[in-house]
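Shown next: entry_2.cif, containing mmCIF, C-alpha atoms.
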data_upload
#
loop_
_atom_site.label_atom_id
_atom_site.label_comp_id
_atom_site.auth_asym_id
_atom_site.auth_seq_id
_atom_site.Cartn_x
_atom_site.Cartn_y
_atom_site.Cartn_z
CA MET A 417 18.59 -29.34 -15.12
CA THR A 418 15.10 -27.88 -15.59
CA ILE A 419 13.95 -24.65 -14.00
CA LEU A 420 11.80 -26.65 -11.56
CA ASP A 421 14.84 -28.64 -10.51
CA GLN A 422 16.71 -25.39 -9.97
CA LEU A 423 13.80 -24.07 -7.94
CA GLY A 424 13.76 -27.18 -5.74
CA GLN A 425 17.51 -26.96 -5.25
CA TRP A 426 17.26 -23.29 -4.36
CA LEU A 427 14.46 -23.89 -1.85
CA ALA A 428 16.50 -26.66 -0.22
CA GLU A 429 19.57 -24.50 0.34
CA PRO A 430 20.73 -23.91 3.94
CA ASP A 431 19.17 -20.91 5.70
CA ARG A 432 16.50 -20.56 2.98
CA TRP A 433 13.78 -20.58 5.65
CA SER A 434 15.66 -18.52 8.23
CA TRP A 435 13.93 -15.65 10.03
CA THR A 436 17.22 -13.95 10.94
CA LEU A 437 19.50 -14.34 7.90
CA PRO A 438 19.11 -12.36 4.63
CA ALA A 439 19.05 -15.58 2.62
CA GLY A 440 15.81 -16.65 4.30
CA ILE A 441 12.43 -16.22 2.65
CA PRO A 442 10.77 -15.32 6.00
CA TYR A 443 13.45 -12.66 6.58
CA ARG A 444 12.91 -11.14 3.14
CA THR A 445 9.12 -11.35 3.54
CA LEU A 446 9.24 -9.35 6.77
CA GLU A 447 11.55 -6.85 5.10
CA HIS A 448 9.09 -6.58 2.20
CA LEU A 449 6.15 -6.04 4.54
CA ARG A 450 8.04 -3.57 6.72
CA PHE A 451 8.65 -1.21 3.80
CA SER A 452 5.11 -1.60 2.49
CA LEU A 453 3.34 -1.12 5.83
CA LEU A 454 5.48 1.85 6.83
CA ALA A 455 4.81 3.59 3.52
CA LEU A 456 1.07 2.87 3.78
CA ALA A 457 0.93 4.21 7.35
CA ILE A 458 2.70 7.44 6.40
CA ALA A 459 0.46 7.91 3.36
CA ALA A 460 -2.66 7.31 5.47
CA VAL A 461 -1.62 9.93 8.02
CA LEU A 462 -1.00 12.44 5.24
CA THR A 463 -4.12 11.82 3.17
CA ILE A 464 -7.06 10.55 5.25
CA PRO A 465 -7.43 13.61 7.53
CA LEU A 466 -6.92 16.00 4.60
CA GLY A 467 -9.23 14.08 2.27
CA GLY A 468 -11.89 13.79 4.96
CA TRP A 469 -11.72 17.50 5.78
CA LEU A 470 -11.89 18.60 2.15
CA ALA A 471 -14.77 16.22 1.42
CA HIS A 472 -16.67 17.34 4.54
CA HIS A 473 -16.52 20.95 3.39
CA ARG A 474 -16.94 19.98 -0.29
CA ARG A 475 -13.75 21.76 -1.28
CA ALA A 476 -11.23 21.11 -4.09
CA PRO A 477 -13.13 18.26 -5.78
CA PHE A 478 -10.69 18.42 -8.70
CA LEU A 479 -7.93 17.13 -6.41
CA ALA A 480 -9.61 13.73 -6.13
CA THR A 481 -9.75 13.09 -9.84
CA SER A 482 -6.37 14.71 -10.44
CA ALA A 483 -4.74 12.53 -7.78
CA MET A 484 -5.96 9.33 -9.41
CA ASN A 485 -4.86 10.48 -12.86
CA ILE A 486 -1.42 11.34 -11.48
CA SER A 487 -1.11 7.91 -9.86
CA ARG A 488 -1.66 6.26 -13.25
CA ALA A 489 0.98 8.44 -14.90
CA ILE A 490 3.80 8.16 -12.35
CA PRO A 491 6.38 5.48 -13.24
CA SER A 492 7.34 3.55 -10.10
CA PHE A 493 10.90 2.83 -11.13
CA GLY A 494 11.42 6.41 -12.27
CA LEU A 495 10.43 7.68 -8.82
CA ILE A 496 12.87 5.32 -7.12
CA ILE A 497 15.71 6.46 -9.39
CA LEU A 498 14.83 10.12 -8.82
CA PHE A 499 14.84 9.79 -5.02
CA TRP A 500 18.00 7.69 -5.14
CA PHE A 501 19.74 10.46 -7.09
CA LEU A 502 18.55 13.11 -4.63
CA ALA A 503 19.54 11.02 -1.62
CA SER A 504 23.01 10.41 -3.03
CA ARG A 505 23.45 14.14 -3.69
CA TRP A 506 22.34 15.06 -0.17
CA GLY A 507 24.33 12.33 1.57
CA ALA A 508 21.23 10.50 2.86
CA ASP A 509 20.92 6.72 3.27
CA THR A 510 20.34 5.43 -0.26
CA ARG A 511 19.40 1.99 1.07
CA PHE A 512 16.28 3.29 2.83
CA TRP A 513 14.98 6.74 1.86
CA PRO A 514 14.69 6.47 -1.95
CA LEU A 515 12.49 3.39 -1.81
CA LEU A 516 10.40 4.62 1.14
CA LEU A 517 9.74 8.05 -0.39
CA ALA A 518 8.80 6.49 -3.72
CA LEU A 519 6.41 4.10 -1.98
CA VAL A 520 4.75 6.91 -0.03
CA ALA A 521 4.31 8.95 -3.21
CA LEU A 522 2.64 6.00 -4.95
CA ALA A 523 0.31 5.28 -2.01
CA LEU A 524 -0.97 8.85 -1.63
CA PRO A 525 -3.32 9.19 -4.66
CA PRO A 526 -5.56 6.11 -4.17
CA LEU A 527 -5.94 6.77 -0.45
CA PHE A 528 -6.80 10.43 -0.97
CA THR A 529 -9.23 9.75 -3.81
CA ASN A 530 -11.11 7.01 -1.95
CA THR A 531 -11.27 9.03 1.27
CA TYR A 532 -12.73 11.98 -0.58
CA ALA A 533 -15.14 9.85 -2.61
CA GLY A 534 -16.26 7.83 0.42
CA VAL A 535 -17.15 10.91 2.46
CA VAL A 536 -18.82 12.77 -0.44
CA ALA A 537 -20.97 9.74 -1.27
CA LEU A 538 -22.62 9.69 2.16
CA GLU A 539 -26.25 10.75 2.30
CA GLN A 540 -26.50 14.39 3.33
CA ASP A 541 -29.58 13.68 5.46
CA VAL A 542 -27.42 11.69 7.88
CA VAL A 543 -24.96 14.56 8.22
CA ASP A 544 -27.75 17.10 8.67
CA ALA A 545 -29.29 14.95 11.37
CA ALA A 546 -25.98 14.89 13.23
CA ARG A 547 -25.80 18.68 13.01
CA GLY A 548 -29.33 18.90 14.31
CA THR A 549 -28.39 16.94 17.42
CA GLY A 550 -25.66 19.43 18.29
CA HIS A 551 -22.58 17.69 16.93
CA ARG A 552 -19.73 19.94 15.91
CA GLU A 553 -18.20 19.73 12.47
CA TRP A 554 -15.06 17.88 13.59
CA GLN A 555 -17.20 15.41 15.53
CA ILE A 556 -19.31 14.74 12.45
CA MET A 557 -16.22 14.10 10.39
CA LEU A 558 -14.44 11.85 12.92
CA ARG A 559 -17.41 10.01 14.44
CA LEU A 560 -19.76 9.75 11.48
CA GLU A 561 -18.31 10.42 8.06
CA LEU A 562 -14.94 8.67 8.28
CA PRO A 563 -16.34 5.53 10.01
CA LEU A 564 -19.12 5.23 7.43
CA ALA A 565 -16.63 5.82 4.60
CA SER A 566 -14.15 3.29 6.04
CA PRO A 567 -15.03 0.50 3.55
CA VAL A 568 -14.24 2.81 0.63
CA ILE A 569 -11.10 4.07 2.35
CA LEU A 570 -9.94 0.50 2.95
CA ALA A 571 -10.56 -0.27 -0.71
CA GLY A 572 -8.13 2.52 -1.55
CA ALA A 573 -5.67 1.16 1.00
CA ARG A 574 -5.92 -2.27 -0.62
CA VAL A 575 -5.13 -0.85 -4.06
CA SER A 576 -2.24 1.14 -2.61
CA PHE A 577 -0.83 -1.78 -0.67
CA LEU A 578 -0.82 -4.16 -3.61
CA GLN A 579 1.00 -1.51 -5.65
CA LEU A 580 3.49 -1.13 -2.82
CA ILE A 581 4.11 -4.89 -2.69
CA ALA A 582 4.97 -4.85 -6.39
CA THR A 583 7.10 -1.72 -6.15
CA VAL A 584 9.22 -2.99 -3.24
CA ALA A 585 10.24 -5.90 -5.47
CA ILE A 586 11.23 -3.45 -8.24
CA GLY A 587 13.13 -1.37 -5.70
CA ALA A 588 15.58 -4.22 -5.16
CA ILE A 589 17.33 -3.06 -8.35
CA VAL A 590 18.62 0.06 -6.57
CA ASN A 591 18.19 -1.03 -2.94
CA ASP A 592 20.38 -3.46 -1.02
CA GLY A 593 17.26 -4.75 0.69
CA GLY A 594 14.29 -4.89 -1.62
CA GLY A 595 12.51 -7.68 0.22
CA LEU A 596 11.56 -10.64 -1.95
CA GLY A 597 12.62 -8.75 -5.06
CA ARG A 598 16.21 -9.34 -3.96
CA TYR A 599 15.92 -12.93 -5.17
CA ILE A 600 14.78 -11.83 -8.62
CA VAL A 601 17.61 -9.32 -9.01
CA ASP A 602 20.24 -11.73 -7.72
CA GLY A 603 18.89 -14.48 -9.97
CA PHE A 604 19.17 -12.33 -13.07
CA ALA A 605 22.73 -11.44 -12.08
CA GLN A 606 23.64 -15.15 -12.15
CA GLY A 607 22.26 -15.79 -15.62
CA VAL A 608 20.98 -19.27 -16.46
CA PRO A 609 21.99 -20.82 -13.10
CA GLY A 610 19.80 -18.25 -11.34
CA ARG A 611 16.52 -19.16 -13.06
CA GLY A 612 15.33 -21.14 -10.05
CA GLU A 613 15.96 -18.17 -7.76
CA ILE A 614 14.11 -15.85 -10.15
CA LEU A 615 11.11 -18.18 -10.20
CA GLY A 616 11.20 -18.60 -6.44
CA GLY A 617 11.31 -14.85 -5.85
CA ALA A 618 8.49 -14.22 -8.33
CA LEU A 619 6.28 -16.89 -6.76
CA ALA A 620 7.00 -15.50 -3.29
CA VAL A 621 5.91 -12.00 -4.37
CA ILE A 622 2.73 -13.37 -5.97
CA VAL A 623 1.81 -15.41 -2.89
CA LEU A 624 2.44 -12.42 -0.62
CA ALA A 625 0.26 -10.18 -2.81
CA LEU A 626 -2.59 -12.71 -2.80
CA LEU A 627 -2.40 -13.12 0.98
CA CYS A 628 -2.45 -9.35 1.48
CA GLU A 629 -5.41 -9.07 -0.89
CA GLY A 630 -7.29 -11.61 1.23
CA VAL A 631 -6.43 -9.84 4.48
CA PHE A 632 -7.61 -6.48 3.16
CA SER A 633 -10.84 -8.03 1.87
CA LEU A 634 -11.54 -9.35 5.38
CA LEU A 635 -10.67 -5.99 6.93
CA GLN A 636 -12.97 -4.21 4.51
CA ARG A 637 -15.82 -6.56 5.37
CA TRP A 638 -15.13 -6.23 9.11
CA ALA A 639 -14.97 -2.42 8.93
CA THR A 640 -18.32 -2.09 7.17
CA PRO A 641 -20.94 -1.01 9.75
CA ARG A 642 -23.63 -3.65 10.20
CA GLY A 643 -26.43 -1.32 9.20
CA LEU A 644 -24.61 -0.28 6.05
CA ALA A 645 -23.88 -3.90 5.18
CA LEU A 646 -27.55 -4.84 5.56
CA GLN A 647 -28.56 -1.85 3.46
CA ASN A 648 -26.13 -2.82 0.69
CA ALA A 649 -27.37 -6.43 0.81
CA ALA A 650 -30.98 -5.27 0.50
CA ARG A 651 -30.09 -3.13 -2.48
CA SER A 652 -28.31 -5.98 -4.22
CA GLU A 653 -31.30 -8.28 -3.71
CA SER A 654 -33.84 -5.75 -5.02
#
Would you mind writing the structure in this file as structure tokens?
Amino acid sequence: MTILDQLGQWLAEPDRWSWTLPAGIPYRTLEHLRFSLLALAIAAVLTIPLGGWLAHHRRAPFLATSAMNISRAIPSFGLIILFWFLASRWGADTRFWPLLLALVALALPPLFTNTYAGVVALEQDVVDAARGTGHREWQIMLRLELPLASPVILAGARVSFLQLIATVAIGAIVNDGGGLGRYIVDGFAQGVPGRGEILGGALAVIVLALLCEGVFSLLQRWATPRGLALQNAARSES
């Protein structure tokens, strides 16, 4: 039996398309997205206000570059193992917290760096004009700088989210859930008979990542203010 035959047999198994049973691809997809979206939301709450405030006041510019360098150096699997060890020592739920904390840690640097860079890159004349009309500093940051920097911030969120999608799959090694990565881990545990499940899980993760990439591209285009989009188009044509 070829690997494609095994894949077809695996896809045709009962409950494979169930939304309520762990064997179902929809069930595992929602589990995958739930971890990824929760981690991204927590990271956004922690980084966007801080990054926007620091960029508005032009403070700690080294943090932006340091954060991105740190994100390249941190091993995803190593973080999961570290948090799993700490959770097991402290009696916490090892099926939830190690993976979530590792995901949040991985999502923080790109979001912070892009928030800082997006606000700093804005033309100072626009900010000075807002000050001249009587806007307070917090109003400038919330109503002007962050909305105008939203395309750059969303670009950071897209990078973070794709990394989270990949890391959730890796997390299945130490997590009873693990989303779509559960199929890959279970397939390897079966040996040769599990090759179809491995391929199915890998394809499911790839498709999910591509769909999320497309959604974030649309969100980034939608979040770009019309005037800024026209300005960018004029620059590209000139």
**Message:** Under the rule that all atoms listed in the file are counted, which of A:Trp513, A:Trp500, A:Tyr532, A:Phe577 is the nearest residue to Val590 (chain A)?
**Reply:**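 For Val590 (chain A), the nearest of the candidates is A:Trp500.
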Give one line per residue of region 547-614 of chain A that approaches region 470-494 of chain A to at most 9 Å, naming the two atoms of the closest pair and their distance in Å to one decimal, counting only C-alpha atoms; sort by chain then ascending residue number and deliver it as JSON lines.
{"residue": "A:Glu553", "atom": "CA", "partner": "A:His472", "partner_atom": "CA", "distance": 8.4}
{"residue": "A:Ile556", "atom": "CA", "partner": "A:His472", "partner_atom": "CA", "distance": 8.7}
{"residue": "A:Met557", "atom": "CA", "partner": "A:His472", "partner_atom": "CA", "distance": 6.7}
{"residue": "A:Glu561", "atom": "CA", "partner": "A:His472", "partner_atom": "CA", "distance": 7.9}
{"residue": "A:Thr583", "atom": "CA", "partner": "A:Ser492", "partner_atom": "CA", "distance": 6.6}
{"residue": "A:Ile586", "atom": "CA", "partner": "A:Phe493", "partner_atom": "CA", "distance": 6.9}
{"residue": "A:Gly587", "atom": "CA", "partner": "A:Phe493", "partner_atom": "CA", "distance": 7.2}
Report as a Markdown table the residues of region 467-561 of chain A within 6 Å of region 569-573 of chain A, each with its shortest atom pair and distance in Å (one decimal), using all atoms listed in the file, ordered by chain and increasing residue number.
| residue | atom | partner | partner_atom | distance |
| --- | --- | --- | --- | --- |
| A:Pro526 | CA | A:Gly572 | CA | 5.1 |
| A:Leu527 | CA | A:Gly572 | CA | 4.9 |
| A:Asn530 | CA | A:Ile569 | CA | 5.2 |
| A:Thr531 | CA | A:Ile569 | CA | 5.1 |
**Message:** Given all atoms listed in the file as the basis, pick out the residue of A:Thr418, A:Arg547, A:Val520, A:Ala605 nearest to Thr463 (chain A).
**Reply:**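 Among A:Thr418, A:Arg547, A:Val520, A:Ala605, it is A:Val520 that comes nearest to Thr463 (chain A).
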**Request:** Go through the shown structure with the PyMOL selection byres ((chain A and resi 629-637) around 8) and write out the matching residues as a ChimeraX atom specification.
**Result:** /A:566-567,570-571,574,578,625-628,638-640
Go ahead and write the residues just picked, C-alpha atoms, as a compact mmCIF listing (two decimals), in the frame of the given file.
# COMPACT_ATOMS: atom_id res chain seq x y z
CA SER A 566 -14.15 3.29 6.04
CA PRO A 567 -15.03 0.50 3.55
CA LEU A 570 -9.94 0.50 2.95
CA ALA A 571 -10.56 -0.27 -0.71
CA ARG A 574 -5.92 -2.27 -0.62
CA LEU A 578 -0.82 -4.16 -3.61
CA ALA A 625 0.26 -10.18 -2.81
CA LEU A 626 -2.59 -12.71 -2.80
CA LEU A 627 -2.40 -13.12 0.98
CA CYS A 628 -2.45 -9.35 1.48
CA TRP A 638 -15.13 -6.23 9.11
CA ALA A 639 -14.97 -2.42 8.93
CA THR A 640 -18.32 -2.09 7.17
**Request:** Could you check how far CA of His551 (chain A) sits from CA of Pro563 (chain A), in Å to one decimal?
**Result:**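 Pair CA of His551 (chain A) / CA of Pro563 (chain A) returns 15.3 Å.
Among A:Ala459, A:Val621, A:Ala546, A:Ala588, the residue with the shortest atom-to-atom distance to Leu515 (chain A), counting all atoms listed in the file, is A:Ala588.
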**Which residue of A:Leu516, A:Ala523, A:Ile458, A:Val584 approaches Arg598 (chain A) most closely, using only C-alpha atoms** = A:Val584
**Request:** Could you tell me which residues the PyMOL selection byres ((chain A and resi 514) around 10) returns for this structure, as a PyMOL selection string?
**Result:** chain A and resi 495-504+508-513+515-519+587+590-591
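For Arg444 (chain A), the residues within 8 Å (counting all atoms listed in the file, excluding itself and residues fewer than 5 positions away along the chain) are A:Pro438, A:Ala439, A:Gly594, A:Gly595, A:Leu596.
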**Asked** Do you have the CA of Gly616 (chain A)-CA of Pro442 (chain A) distance handy?
**Response**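 So the two atoms, CA of Gly616 (chain A) and CA of Pro442 (chain A), lie 12.9 Å apart.
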**Request:** Grab the CA of Glu539 (chain A) to CA of Ile464 (chain A) distance for me, in Å with one decimal place.
**Result:**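 It comes out at 19.4 Å.
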**Message:** Calculated over only C-alpha atoms, which of the candidates A:Pro525, A:Pro609, A:Gly597, A:Gly440 has the smallest distance to Leu456 (chain A)?
**Reply:** A:Pro525
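You can rank A:Leu615, A:Val535, A:Ala565, A:Ile581 by their closest distance to Gly424 (chain A) using only C-alpha atoms, and at the top of that list sits A:Leu615.
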**Message:** Can you translate the PyMOL selection byres ((chain A and resi 419) around 10) into the concrete residues it hits in this file, as a PyMOL selection string?
**Reply:** chain A and resi 417-418+420-425+608-615
